[in-house]
$ cat work24.tsv   # TSV, C-alpha atoms
chain	number	residue	atom	x	y	z
O	889	MET	CA	123.30	93.45	97.97
O	890	LYS	CA	124.27	95.48	101.06
O	891	MET	CA	127.95	95.42	100.06
O	892	LYS	CA	127.06	96.41	96.49
O	893	ARG	CA	125.07	99.43	97.74
O	894	GLN	CA	127.93	100.42	100.06
O	895	ILE	CA	130.37	100.43	97.14
O	896	ALA	CA	127.91	102.36	94.99
O	897	SER	CA	127.43	104.97	97.75
O	898	PHE	CA	131.18	105.19	98.24
O	899	LEU	CA	131.71	105.85	94.54
O	900	LEU	CA	128.83	108.32	94.46
O	901	PHE	CA	130.72	110.41	97.04
O	902	PHE	CA	133.57	110.79	94.56
O	903	VAL	CA	131.08	111.41	91.76
O	904	LEU	CA	129.79	114.45	93.62
O	905	LEU	CA	133.31	115.69	94.24
O	906	ASN	CA	134.15	115.47	90.55
O	907	HIS	CA	130.88	116.69	89.11
O	908	SER	CA	131.70	120.11	87.65
O	909	GLY	CA	128.17	121.05	86.58
O	910	ALA	CA	129.23	121.52	82.97
O	911	LEU	CA	128.09	118.13	81.79
O	912	ALA	CA	126.25	117.36	78.59
O	913	SER	CA	122.53	116.73	78.90
O	914	SER	CA	122.55	112.92	78.72
O	915	LEU	CA	125.42	112.66	81.19
O	916	ASP	CA	123.74	115.14	83.51
O	917	ASP	CA	120.45	113.21	83.36
O	918	GLY	CA	122.28	109.92	83.87
O	919	LEU	CA	123.97	111.21	87.00
O	920	LYS	CA	120.66	112.60	88.28
O	921	PHE	CA	118.99	109.19	87.94
O	922	TYR	CA	122.02	107.49	89.49
O	923	LYS	CA	121.80	109.75	92.57
O	924	GLN	CA	118.08	108.84	92.78
O	925	GLU	CA	119.09	105.14	92.63
O	926	ASP	CA	117.03	104.70	89.47
O	927	TYR	CA	119.83	102.71	87.88
O	928	LEU	CA	117.99	101.46	84.82
O	929	LYS	CA	117.17	105.00	83.70
O	930	ALA	CA	120.70	106.06	84.60
O	931	GLN	CA	122.08	103.27	82.42
O	932	LYS	CA	119.93	104.35	79.49
O	933	GLU	CA	121.03	108.00	79.71
O	934	LEU	CA	124.69	107.21	80.29
O	935	GLU	CA	124.84	104.77	77.40
O	936	LYS	CA	123.34	107.58	75.29
O	937	ALA	CA	126.03	109.93	76.61
O	938	ARG	CA	128.68	107.38	75.64
O	939	LEU	CA	127.42	107.49	72.06
O	940	GLU	CA	127.57	111.28	72.15
O	941	ASN	CA	131.11	111.43	73.52
O	942	ASP	CA	132.96	108.16	74.07
O	943	LYS	CA	136.23	109.92	74.98
O	944	ASP	CA	134.97	111.60	78.15
O	945	TRP	CA	136.32	109.66	81.12
O	946	ARG	CA	133.37	110.76	83.26
O	947	VAL	CA	130.87	109.03	80.98
O	948	HIS	CA	132.65	105.70	81.35
O	949	TYR	CA	133.25	106.20	85.06
O	950	TYR	CA	129.63	107.01	85.88
O	951	LEU	CA	128.42	104.23	83.60
O	952	GLY	CA	130.75	101.87	85.44
O	953	ASN	CA	129.19	102.97	88.72
O	954	THR	CA	125.73	102.30	87.29
O	955	TYR	CA	126.69	98.86	86.01
O	956	LEU	CA	128.12	98.09	89.43
O	957	ALA	CA	124.87	99.08	91.14
O	958	LEU	CA	123.00	96.77	88.73
O	959	GLY	CA	125.35	93.88	89.49
O	960	LYS	CA	126.97	93.94	86.04
O	961	PHE	CA	130.50	93.60	87.38
O	962	GLU	CA	132.35	92.73	84.18
O	963	SER	CA	130.74	95.64	82.37
O	964	ALA	CA	131.62	97.94	85.26
O	965	ASN	CA	135.25	96.79	85.17
O	966	ARG	CA	135.39	97.40	81.43
O	967	GLU	CA	134.05	100.95	81.75
O	968	TYR	CA	136.48	101.80	84.56
O	969	GLU	CA	139.37	100.54	82.45
O	970	ILE	CA	138.25	102.71	79.51
O	971	ALA	CA	137.80	105.68	81.84
O	972	LYS	CA	141.41	105.30	82.98
O	973	SER	CA	142.66	105.66	79.42
O	974	PHE	CA	140.98	109.06	79.06
O	975	CYS	CA	141.93	110.53	82.44
O	976	GLU	CA	144.12	113.65	82.11
O	977	ASP	CA	145.23	114.04	85.71
O	978	ASP	CA	146.41	111.76	88.48
O	979	ARG	CA	143.45	112.52	90.74
O	980	ASN	CA	140.89	111.19	88.29
O	981	LEU	CA	143.15	108.28	87.34
O	982	LYS	CA	143.41	107.32	91.00
O	983	LEU	CA	139.62	107.54	91.27
O	984	CYS	CA	139.16	105.06	88.39
O	985	CYS	CA	141.77	102.73	89.85
O	986	MET	CA	140.00	102.78	93.22
O	987	ALA	CA	136.70	101.99	91.49
O	988	ARG	CA	138.23	99.01	89.67
O	989	LEU	CA	139.77	97.76	92.89
O	990	ALA	CA	136.41	98.03	94.67
O	991	VAL	CA	134.70	96.01	91.94
O	992	GLU	CA	137.40	93.35	91.87
O	993	ASN	CA	137.24	93.01	95.66
O	994	TYR	CA	133.48	92.64	95.47
O	995	ILE	CA	133.77	90.00	92.76
O	996	ILE	CA	136.32	88.05	94.83
O	997	ARG	CA	134.14	88.25	97.94
O	998	SER	CA	131.10	87.16	95.95
O	999	GLN	CA	133.01	84.18	94.58
O	1000	VAL	CA	134.09	83.18	98.09
O	1001	VAL	CA	130.55	83.54	99.44
O	1002	ASN	CA	129.08	81.64	96.49
O	1003	SER	CA	131.65	78.88	96.99
O	1004	ARG	CA	130.68	78.60	100.65
O	1005	ILE	CA	126.98	78.64	99.80
O	1006	HIS	CA	127.55	75.95	97.17
O	1007	ALA	CA	129.51	73.82	99.63
O	1008	ALA	CA	126.87	74.36	102.31
O	1009	GLY	CA	124.17	73.52	99.77
O	1010	GLN	CA	125.90	70.26	98.87
O	1011	GLU	CA	126.30	69.38	102.54
O	1012	ALA	CA	122.65	70.28	103.20
O	1013	GLN	CA	121.55	68.15	100.24
O	1014	LYS	CA	123.61	65.27	101.56
O	1015	ASN	CA	122.02	65.65	105.00
O	1016	ILE	CA	118.55	65.80	103.46
O	1017	GLN	CA	119.25	62.64	101.48
O	1018	MET	CA	120.50	60.87	104.60
O	1019	ALA	CA	117.46	62.00	106.56
O	1020	SER	CA	115.21	60.84	103.72
O	1021	GLU	CA	116.79	57.40	103.65
O	1022	ALA	CA	116.59	57.10	107.44
O	1023	TYR	CA	112.93	58.11	107.36
O	1024	LYS	CA	112.13	55.58	104.63
O	1025	ASN	CA	113.96	52.84	106.50
O	1026	ARG	CA	111.95	53.60	109.64
O	1027	ILE	CA	108.71	53.40	107.65
O	1028	LYS	CA	109.75	50.08	106.09
O	1029	THR	CA	110.74	48.63	109.47
O	1030	GLU	CA	107.51	49.76	111.12
O	1031	THR	CA	105.40	48.49	108.21
O	1032	GLU	CA	107.08	45.08	108.33
O	1033	ARG	CA	106.52	44.97	112.10
O	1034	GLN	CA	102.82	45.75	111.71
O	1035	ILE	CA	102.40	43.22	108.88
O	1036	SER	CA	104.07	40.54	111.00
O	1037	PHE	CA	101.77	41.44	113.90
O	1038	ILE	CA	98.63	41.20	111.71
O	1039	LYS	CA	99.69	37.83	110.30
O	1040	ASN	CA	100.40	36.46	113.78
O	1041	GLN	CA	96.99	37.69	114.91
O	1042	ALA	CA	95.41	35.84	111.99
O	1043	LYS	CA	97.22	32.64	112.95
O	1044	GLU	CA	96.07	33.04	116.54
O	1045	GLN	CA	92.51	33.68	115.36
O	1046	ILE	CA	92.51	30.53	113.23
O	1047	LYS	CA	93.99	28.54	116.13
O	1048	ALA	CA	91.39	29.91	118.56
O	1049	GLU	CA	88.48	29.19	116.22
O	1050	LYS	CA	89.75	25.68	115.63
O	1051	SER	CA	89.96	25.02	119.36
O	1052	CYS	CA	86.38	26.16	119.85
O	1053	SER	CA	84.99	24.59	116.70
O	1054	GLN	CA	82.12	22.11	116.89
O	1055	GLN	CA	82.39	21.23	113.23
O	1056	ILE	CA	83.54	17.67	112.51
O	1057	LEU	CA	85.79	17.23	109.51
O	1058	ARG	CA	86.37	13.73	108.12
O	1059	PHE	CA	89.60	12.80	106.32
O	1060	GLU	CA	89.81	10.39	103.37
O	1061	ASP	CA	91.33	7.68	105.58
O	1062	GLY	CA	88.30	7.84	107.86
O	1063	ARG	CA	89.78	9.89	110.67
O	1064	THR	CA	87.75	12.78	112.09
O	1065	THR	CA	88.64	16.00	113.89
O	1066	LEU	CA	87.06	19.18	115.12
O	1067	ASP	CA	88.12	21.98	112.82
O	1068	ILE	CA	86.88	25.08	111.02
O	1069	ALA	CA	85.85	24.91	107.41
O	1070	PRO	CA	88.62	25.55	104.84
O	1071	SER	CA	86.53	28.40	103.45
O	1072	ARG	CA	86.59	30.11	106.86
O	1073	GLU	CA	90.37	29.78	107.10
O	1074	ALA	CA	90.71	31.13	103.55
O	1075	GLU	CA	88.44	34.05	104.50
O	1076	ILE	CA	90.64	34.96	107.48
O	1077	ASN	CA	93.81	34.74	105.38
O	1078	ALA	CA	92.26	36.85	102.59
O	1079	GLU	CA	91.22	39.56	105.05
O	1080	THR	CA	94.71	39.48	106.57
O	1081	GLU	CA	96.36	39.92	103.19
O	1082	LYS	CA	93.99	42.79	102.40
O	1083	GLN	CA	95.02	44.62	105.58
O	1084	CYS	CA	98.70	44.00	104.82
O	1085	GLU	CA	98.33	45.37	101.30
O	1086	ILE	CA	96.67	48.54	102.63
O	1087	LEU	CA	99.61	48.98	104.98
O	1088	ARG	CA	102.11	48.52	102.13
O	1089	GLN	CA	100.35	51.10	99.95
O	1090	THR	CA	100.09	53.62	102.79
O	1091	SER	CA	103.75	53.11	103.59
O	1092	GLN	CA	104.77	53.63	99.96
O	1093	LYS	CA	102.76	56.85	99.70
O	1094	SER	CA	104.47	58.19	102.82
O	1095	MET	CA	107.89	57.42	101.36
O	1096	ASP	CA	107.02	58.92	97.99
O	1097	THR	CA	106.07	62.25	99.55
O	1098	PHE	CA	109.39	62.51	101.39
O	1099	ARG	CA	111.91	63.20	98.62

$ encode --input "work24.tsv" --output "structure tokens"
Amino acid sequence: MKMKRQIASFLLFFVLLNHSGALASSLDDGLKFYKQEDYLKAQKELEKARLENDKDWRVHYYLGNTYLALGKFESANREYEIAKSFCEDDRNLKLCCMARLAVENYIIRSQVVNSRIHAAGQEAQKNIQMASEAYKNRIKTETERQISFIKNQAKEQIKAEKSCSQQILRFEDGRTTLDIAPSREAEINAETEKQCEILRQTSQKSMDTFR
């Protein structure tokens, strides 16, 4: 945008040098709006002037300047080329050639910048994807570690309760042992699985939000 305004100001300098004061109304109004940087109104008036007299090089030149200020580079190039064909002296012809060169240089620079931005964007996207995968892997690893810890705690709890149990369990072959009831062991395992499932869901939500 800064470069575009610099080119537009540069061309406006030559506009003022070549403005004779004997312009038709629409062209005069178009130039007035252009100098005020009201480019949309300038475009409207200059396009009207082009309909009134499409063989005046100044109409095409000023309209080219306006298109340039609005970022319509191809249209600006086209108007400068038309303006060249109606120039009657070398000074004005050189002015149109300079304008075309300025636009073409801007287009080339914009293409280079856009290419770099695109390349940087692709590299940034790649880095984001890598960071995302690394983050998800850390979450998975930590979740698995916590689940393993909870399950080991459950095993230790069952082992501890069995060692302190006063409940006598009798096997079918007549043997007896001190143990906890199967329902108690099932209760511990069910609670453990519940905690593990909560961890899995929380982990998945964290990964889903990081995309």

$ atom_distance --input "work24.tsv" --atom1 "CA of Ala990 (chain O)" --atom2 "CA of Ala1008 (chain O)"
26.6 Å

$ closest_residue --input "work24.tsv" --among "O:Ala1074, O:Ala1012, O:Leu1087, O:Val947" --to "Cys975 (chain O)" --atoms "all atoms listed in the file"
O:Val947

$ residues_near_point --input "work24.tsv" --point "(111.9, 56.1, 106.0)" --cutoff "12 Å" --atoms "all atoms listed in the file" --output "MDAnalysis selection string"
chainID O and resid 1017:1031 1091:1099

$ axis_aligned_box --input "work24.tsv" --around "region 968-973 of chain O" --padding-each-side "8 Å" --output "JSON"
{"center_x": 139.6, "center_y": 103.1, "center_z": 82.0, "size_x": 22.2, "size_y": 21.1, "size_z": 21.1}

$ residues_near_point --input "work24.tsv" --point "(128.0, 93.9, 88.5)" --cutoff "12 Å" --atoms "only C-alpha atoms" --output "mmCIF file with C-alpha atoms, keeping the file's coordinate frame"
data_model
loop_
_atom_site.group_PDB
_atom_site.id
_atom_site.type_symbol
_atom_site.label_atom_id
_atom_site.label_comp_id
_atom_site.auth_asym_id
_atom_site.auth_seq_id
_atom_site.Cartn_x
_atom_site.Cartn_y
_atom_site.Cartn_z
ATOM 1 C CA MET O 889 123.300 93.450 97.970
ATOM 2 C CA MET O 891 127.950 95.420 100.060
ATOM 3 C CA LYS O 892 127.060 96.410 96.490
ATOM 4 C CA ARG O 893 125.070 99.430 97.740
ATOM 5 C CA ILE O 895 130.370 100.430 97.140
ATOM 6 C CA ALA O 896 127.910 102.360 94.990
ATOM 7 C CA LEU O 951 128.420 104.230 83.600
ATOM 8 C CA GLY O 952 130.750 101.870 85.440
ATOM 9 C CA ASN O 953 129.190 102.970 88.720
ATOM 10 C CA THR O 954 125.730 102.300 87.290
ATOM 11 C CA TYR O 955 126.690 98.860 86.010
ATOM 12 C CA LEU O 956 128.120 98.090 89.430
ATOM 13 C CA ALA O 957 124.870 99.080 91.140
ATOM 14 C CA LEU O 958 123.000 96.770 88.730
ATOM 15 C CA GLY O 959 125.350 93.880 89.490
ATOM 16 C CA LYS O 960 126.970 93.940 86.040
ATOM 17 C CA PHE O 961 130.500 93.600 87.380
ATOM 18 C CA GLU O 962 132.350 92.730 84.180
ATOM 19 C CA SER O 963 130.740 95.640 82.370
ATOM 20 C CA ALA O 964 131.620 97.940 85.260
ATOM 21 C CA ASN O 965 135.250 96.790 85.170
ATOM 22 C CA ARG O 966 135.390 97.400 81.430
ATOM 23 C CA GLU O 967 134.050 100.950 81.750
ATOM 24 C CA ARG O 988 138.230 99.010 89.670
ATOM 25 C CA ALA O 990 136.410 98.030 94.670
ATOM 26 C CA VAL O 991 134.700 96.010 91.940
ATOM 27 C CA GLU O 992 137.400 93.350 91.870
ATOM 28 C CA ASN O 993 137.240 93.010 95.660
ATOM 29 C CA TYR O 994 133.480 92.640 95.470
ATOM 30 C CA ILE O 995 133.770 90.000 92.760
ATOM 31 C CA ILE O 996 136.320 88.050 94.830
ATOM 32 C CA SER O 998 131.100 87.160 95.950
#

$ residues_around --input "work24.tsv" --residues "Gln1041 (chain O)" --least-positions-apart "6" --cutoff "10 Å" --atoms "only C-alpha atoms" --output "PyMOL selection string"
chain O and resi 1035+1047+1080

$ atom_distance --input "work24.tsv" --atom1 "CA of Asp977 (chain O)" --atom2 "CA of Tyr950 (chain O)"
17.1 Å

$ closest_residue --input "work24.tsv" --among "O:Phe1037, O:Ser914, O:Phe974, O:Ser1003" --to "Lys932 (chain O)" --atoms "all atoms listed in the file"
O:Ser914

$ decode --input "work24.tsv" --residues "region 960-1008 of chain O" --atoms "N, CA and C atoms" --output "PDB file, in the first residue's frame"
ATOM      1  N   LYS O 960      -5.920  -1.501  -9.304  1.00  0.00           N
ATOM      2  CA  LYS O 960      -6.370  -2.177 -10.525  1.00  0.00           C
ATOM      3  C   LYS O 960      -5.253  -2.068 -11.566  1.00  0.00           C
ATOM      4  N   PHE O 961      -4.227  -2.889 -11.388  1.00  0.00           N
ATOM      5  CA  PHE O 961      -2.992  -2.727 -12.149  1.00  0.00           C
ATOM      6  C   PHE O 961      -3.159  -3.019 -13.641  1.00  0.00           C
ATOM      7  N   GLU O 962      -3.883  -4.069 -13.961  1.00  0.00           N
ATOM      8  CA  GLU O 962      -4.066  -4.405 -15.379  1.00  0.00           C
ATOM      9  C   GLU O 962      -4.837  -3.304 -16.097  1.00  0.00           C
ATOM     10  N   SER O 963      -5.852  -2.775 -15.429  1.00  0.00           N
ATOM     11  CA  SER O 963      -6.624  -1.679 -16.026  1.00  0.00           C
ATOM     12  C   SER O 963      -5.757  -0.439 -16.194  1.00  0.00           C
ATOM     13  N   ALA O 964      -4.907  -0.178 -15.213  1.00  0.00           N
ATOM     14  CA  ALA O 964      -4.003   0.971 -15.300  1.00  0.00           C
ATOM     15  C   ALA O 964      -3.059   0.805 -16.487  1.00  0.00           C
ATOM     16  N   ASN O 965      -2.489  -0.383 -16.628  1.00  0.00           N
ATOM     17  CA  ASN O 965      -1.583  -0.652 -17.746  1.00  0.00           C
ATOM     18  C   ASN O 965      -2.274  -0.432 -19.084  1.00  0.00           C
ATOM     19  N   ARG O 966      -3.517  -0.892 -19.164  1.00  0.00           N
ATOM     20  CA  ARG O 966      -4.274  -0.757 -20.411  1.00  0.00           C
ATOM     21  C   ARG O 966      -4.500   0.717 -20.754  1.00  0.00           C
ATOM     22  N   GLU O 967      -4.864   1.519 -19.750  1.00  0.00           N
ATOM     23  CA  GLU O 967      -5.109   2.943 -20.007  1.00  0.00           C
ATOM     24  C   GLU O 967      -3.824   3.672 -20.400  1.00  0.00           C
ATOM     25  N   TYR O 968      -2.705   3.323 -19.775  1.00  0.00           N
ATOM     26  CA  TYR O 968      -1.435   3.957 -20.145  1.00  0.00           C
ATOM     27  C   TYR O 968      -1.051   3.618 -21.584  1.00  0.00           C
ATOM     28  N   GLU O 969      -1.312   2.379 -21.972  1.00  0.00           N
ATOM     29  CA  GLU O 969      -0.997   1.961 -23.338  1.00  0.00           C
ATOM     30  C   GLU O 969      -1.854   2.730 -24.354  1.00  0.00           C
ATOM     31  N   ILE O 970      -3.135   2.912 -24.029  1.00  0.00           N
ATOM     32  CA  ILE O 970      -4.020   3.689 -24.905  1.00  0.00           C
ATOM     33  C   ILE O 970      -3.572   5.146 -24.957  1.00  0.00           C
ATOM     34  N   ALA O 971      -3.184   5.670 -23.779  1.00  0.00           N
ATOM     35  CA  ALA O 971      -2.735   7.067 -23.723  1.00  0.00           C
ATOM     36  C   ALA O 971      -1.535   7.281 -24.637  1.00  0.00           C
ATOM     37  N   LYS O 972      -0.632   6.316 -24.667  1.00  0.00           N
ATOM     38  CA  LYS O 972       0.551   6.424 -25.528  1.00  0.00           C
ATOM     39  C   LYS O 972       0.166   6.621 -26.995  1.00  0.00           C
ATOM     40  N   SER O 973      -0.872   5.915 -27.398  1.00  0.00           N
ATOM     41  CA  SER O 973      -1.255   5.963 -28.822  1.00  0.00           C
ATOM     42  C   SER O 973      -1.824   7.314 -29.233  1.00  0.00           C
ATOM     43  N   PHE O 974      -2.228   8.132 -28.258  1.00  0.00           N
ATOM     44  CA  PHE O 974      -2.809   9.441 -28.584  1.00  0.00           C
ATOM     45  C   PHE O 974      -1.878  10.606 -28.248  1.00  0.00           C
ATOM     46  N   CYS O 975      -0.690  10.288 -27.739  1.00  0.00           N
ATOM     47  CA  CYS O 975       0.257  11.356 -27.411  1.00  0.00           C
ATOM     48  C   CYS O 975       0.790  11.985 -28.699  1.00  0.00           C
ATOM     49  N   GLU O 976       0.881  13.333 -28.701  1.00  0.00           N
ATOM     50  CA  GLU O 976       1.339  14.049 -29.899  1.00  0.00           C
ATOM     51  C   GLU O 976       2.747  14.593 -29.764  1.00  0.00           C
ATOM     52  N   ASP O 977       3.340  14.485 -28.600  1.00  0.00           N
ATOM     53  CA  ASP O 977       4.728  14.939 -28.458  1.00  0.00           C
ATOM     54  C   ASP O 977       5.502  13.964 -27.586  1.00  0.00           C
ATOM     55  N   ASP O 978       6.802  14.015 -27.704  1.00  0.00           N
ATOM     56  CA  ASP O 978       7.678  13.062 -27.021  1.00  0.00           C
ATOM     57  C   ASP O 978       7.601  13.196 -25.498  1.00  0.00           C
ATOM     58  N   ARG O 979       7.371  14.391 -25.024  1.00  0.00           N
ATOM     59  CA  ARG O 979       7.321  14.602 -23.565  1.00  0.00           C
ATOM     60  C   ARG O 979       6.177  13.820 -22.944  1.00  0.00           C
ATOM     61  N   ASN O 980       5.006  13.914 -23.521  1.00  0.00           N
ATOM     62  CA  ASN O 980       3.852  13.200 -23.000  1.00  0.00           C
ATOM     63  C   ASN O 980       3.989  11.687 -23.214  1.00  0.00           C
ATOM     64  N   LEU O 981       4.579  11.313 -24.350  1.00  0.00           N
ATOM     65  CA  LEU O 981       4.799   9.892 -24.620  1.00  0.00           C
ATOM     66  C   LEU O 981       5.736   9.295 -23.576  1.00  0.00           C
ATOM     67  N   LYS O 982       6.788  10.047 -23.245  1.00  0.00           N
ATOM     68  CA  LYS O 982       7.728   9.584 -22.226  1.00  0.00           C
ATOM     69  C   LYS O 982       7.027   9.461 -20.869  1.00  0.00           C
ATOM     70  N   LEU O 983       6.117  10.387 -20.595  1.00  0.00           N
ATOM     71  CA  LEU O 983       5.365  10.357 -19.333  1.00  0.00           C
ATOM     72  C   LEU O 983       4.536   9.075 -19.231  1.00  0.00           C
ATOM     73  N   CYS O 984       3.862   8.703 -20.322  1.00  0.00           N
ATOM     74  CA  CYS O 984       3.044   7.475 -20.321  1.00  0.00           C
ATOM     75  C   CYS O 984       3.910   6.229 -20.197  1.00  0.00           C
ATOM     76  N   CYS O 985       5.068   6.264 -20.856  1.00  0.00           N
ATOM     77  CA  CYS O 985       5.989   5.120 -20.766  1.00  0.00           C
ATOM     78  C   CYS O 985       6.515   4.954 -19.339  1.00  0.00           C
ATOM     79  N   MET O 986       6.823   6.063 -18.695  1.00  0.00           N
ATOM     80  CA  MET O 986       7.287   6.014 -17.302  1.00  0.00           C
ATOM     81  C   MET O 986       6.194   5.456 -16.395  1.00  0.00           C
ATOM     82  N   ALA O 987       4.946   5.856 -16.663  1.00  0.00           N
ATOM     83  CA  ALA O 987       3.824   5.370 -15.848  1.00  0.00           C
ATOM     84  C   ALA O 987       3.672   3.855 -16.004  1.00  0.00           C
ATOM     85  N   ARG O 988       3.750   3.382 -17.251  1.00  0.00           N
ATOM     86  CA  ARG O 988       3.645   1.937 -17.481  1.00  0.00           C
ATOM     87  C   ARG O 988       4.770   1.189 -16.783  1.00  0.00           C
ATOM     88  N   LEU O 989       5.969   1.741 -16.880  1.00  0.00           N
ATOM     89  CA  LEU O 989       7.119   1.100 -16.242  1.00  0.00           C
ATOM     90  C   LEU O 989       6.926   1.031 -14.727  1.00  0.00           C
ATOM     91  N   ALA O 990       6.395   2.106 -14.150  1.00  0.00           N
ATOM     92  CA  ALA O 990       6.162   2.131 -12.700  1.00  0.00           C
ATOM     93  C   ALA O 990       5.167   1.047 -12.289  1.00  0.00           C
ATOM     94  N   VAL O 991       4.098   0.904 -13.086  1.00  0.00           N
ATOM     95  CA  VAL O 991       3.091  -0.111 -12.776  1.00  0.00           C
ATOM     96  C   VAL O 991       3.681  -1.514 -12.906  1.00  0.00           C
ATOM     97  N   GLU O 992       4.410  -1.744 -13.996  1.00  0.00           N
ATOM     98  CA  GLU O 992       4.982  -3.072 -14.209  1.00  0.00           C
ATOM     99  C   GLU O 992       5.970  -3.428 -13.110  1.00  0.00           C
ATOM    100  N   ASN O 993       6.758  -2.445 -12.664  1.00  0.00           N
ATOM    101  CA  ASN O 993       7.691  -2.693 -11.557  1.00  0.00           C
ATOM    102  C   ASN O 993       6.939  -3.029 -10.279  1.00  0.00           C
ATOM    103  N   TYR O 994       5.829  -2.316 -10.062  1.00  0.00           N
ATOM    104  CA  TYR O 994       5.036  -2.585  -8.860  1.00  0.00           C
ATOM    105  C   TYR O 994       4.438  -3.982  -8.915  1.00  0.00           C
ATOM    106  N   ILE O 995       3.942  -4.363 -10.098  1.00  0.00           N
ATOM    107  CA  ILE O 995       3.354  -5.695 -10.250  1.00  0.00           C
ATOM    108  C   ILE O 995       4.399  -6.771  -9.976  1.00  0.00           C
ATOM    109  N   ILE O 996       5.610  -6.577 -10.537  1.00  0.00           N
ATOM    110  CA  ILE O 996       6.683  -7.556 -10.337  1.00  0.00           C
ATOM    111  C   ILE O 996       7.053  -7.653  -8.861  1.00  0.00           C
ATOM    112  N   ARG O 997       7.179  -6.500  -8.199  1.00  0.00           N
ATOM    113  CA  ARG O 997       7.507  -6.500  -6.768  1.00  0.00           C
ATOM    114  C   ARG O 997       6.411  -7.181  -5.959  1.00  0.00           C
ATOM    115  N   SER O 998       5.170  -6.899  -6.322  1.00  0.00           N
ATOM    116  CA  SER O 998       4.046  -7.522  -5.610  1.00  0.00           C
ATOM    117  C   SER O 998       4.069  -9.030  -5.778  1.00  0.00           C
ATOM    118  N   GLN O 999       4.384  -9.488  -6.985  1.00  0.00           N
ATOM    119  CA  GLN O 999       4.454 -10.927  -7.234  1.00  0.00           C
ATOM    120  C   GLN O 999       5.558 -11.576  -6.414  1.00  0.00           C
ATOM    121  N   VAL O1000       6.703 -10.888  -6.327  1.00  0.00           N
ATOM    122  CA  VAL O1000       7.821 -11.408  -5.530  1.00  0.00           C
ATOM    123  C   VAL O1000       7.441 -11.484  -4.056  1.00  0.00           C
ATOM    124  N   VAL O1001       6.842 -10.381  -3.564  1.00  0.00           N
ATOM    125  CA  VAL O1001       6.423 -10.344  -2.148  1.00  0.00           C
ATOM    126  C   VAL O1001       5.386 -11.412  -1.859  1.00  0.00           C
ATOM    127  N   ASN O1002       4.396 -11.529  -2.769  1.00  0.00           N
ATOM    128  CA  ASN O1002       3.344 -12.540  -2.576  1.00  0.00           C
ATOM    129  C   ASN O1002       3.916 -13.950  -2.589  1.00  0.00           C
ATOM    130  N   SER O1003       4.919 -14.160  -3.455  1.00  0.00           N
ATOM    131  CA  SER O1003       5.566 -15.481  -3.509  1.00  0.00           C
ATOM    132  C   SER O1003       6.260 -15.786  -2.190  1.00  0.00           C
ATOM    133  N   ARG O1004       6.931 -14.767  -1.652  1.00  0.00           N
ATOM    134  CA  ARG O1004       7.633 -14.955  -0.374  1.00  0.00           C
ATOM    135  C   ARG O1004       6.634 -15.188   0.760  1.00  0.00           C
ATOM    136  N   ILE O1005       5.545 -14.415   0.721  1.00  0.00           N
ATOM    137  CA  ILE O1005       4.516 -14.587   1.760  1.00  0.00           C
ATOM    138  C   ILE O1005       3.910 -15.977   1.680  1.00  0.00           C
ATOM    139  N   HIS O1006       3.652 -16.419   0.426  1.00  0.00           N
ATOM    140  CA  HIS O1006       3.079 -17.753   0.230  1.00  0.00           C
ATOM    141  C   HIS O1006       4.022 -18.833   0.755  1.00  0.00           C
ATOM    142  N   ALA O1007       5.324 -18.669   0.409  1.00  0.00           N
ATOM    143  CA  ALA O1007       6.311 -19.640   0.869  1.00  0.00           C
ATOM    144  C   ALA O1007       6.420 -19.621   2.391  1.00  0.00           C
ATOM    145  N   ALA O1008       6.426 -18.400   2.947  1.00  0.00           N
ATOM    146  CA  ALA O1008       6.493 -18.278   4.412  1.00  0.00           C
ATOM    147  C   ALA O1008       5.251 -18.866   5.056  1.00  0.00           C
TER     148      ALA O1008
END
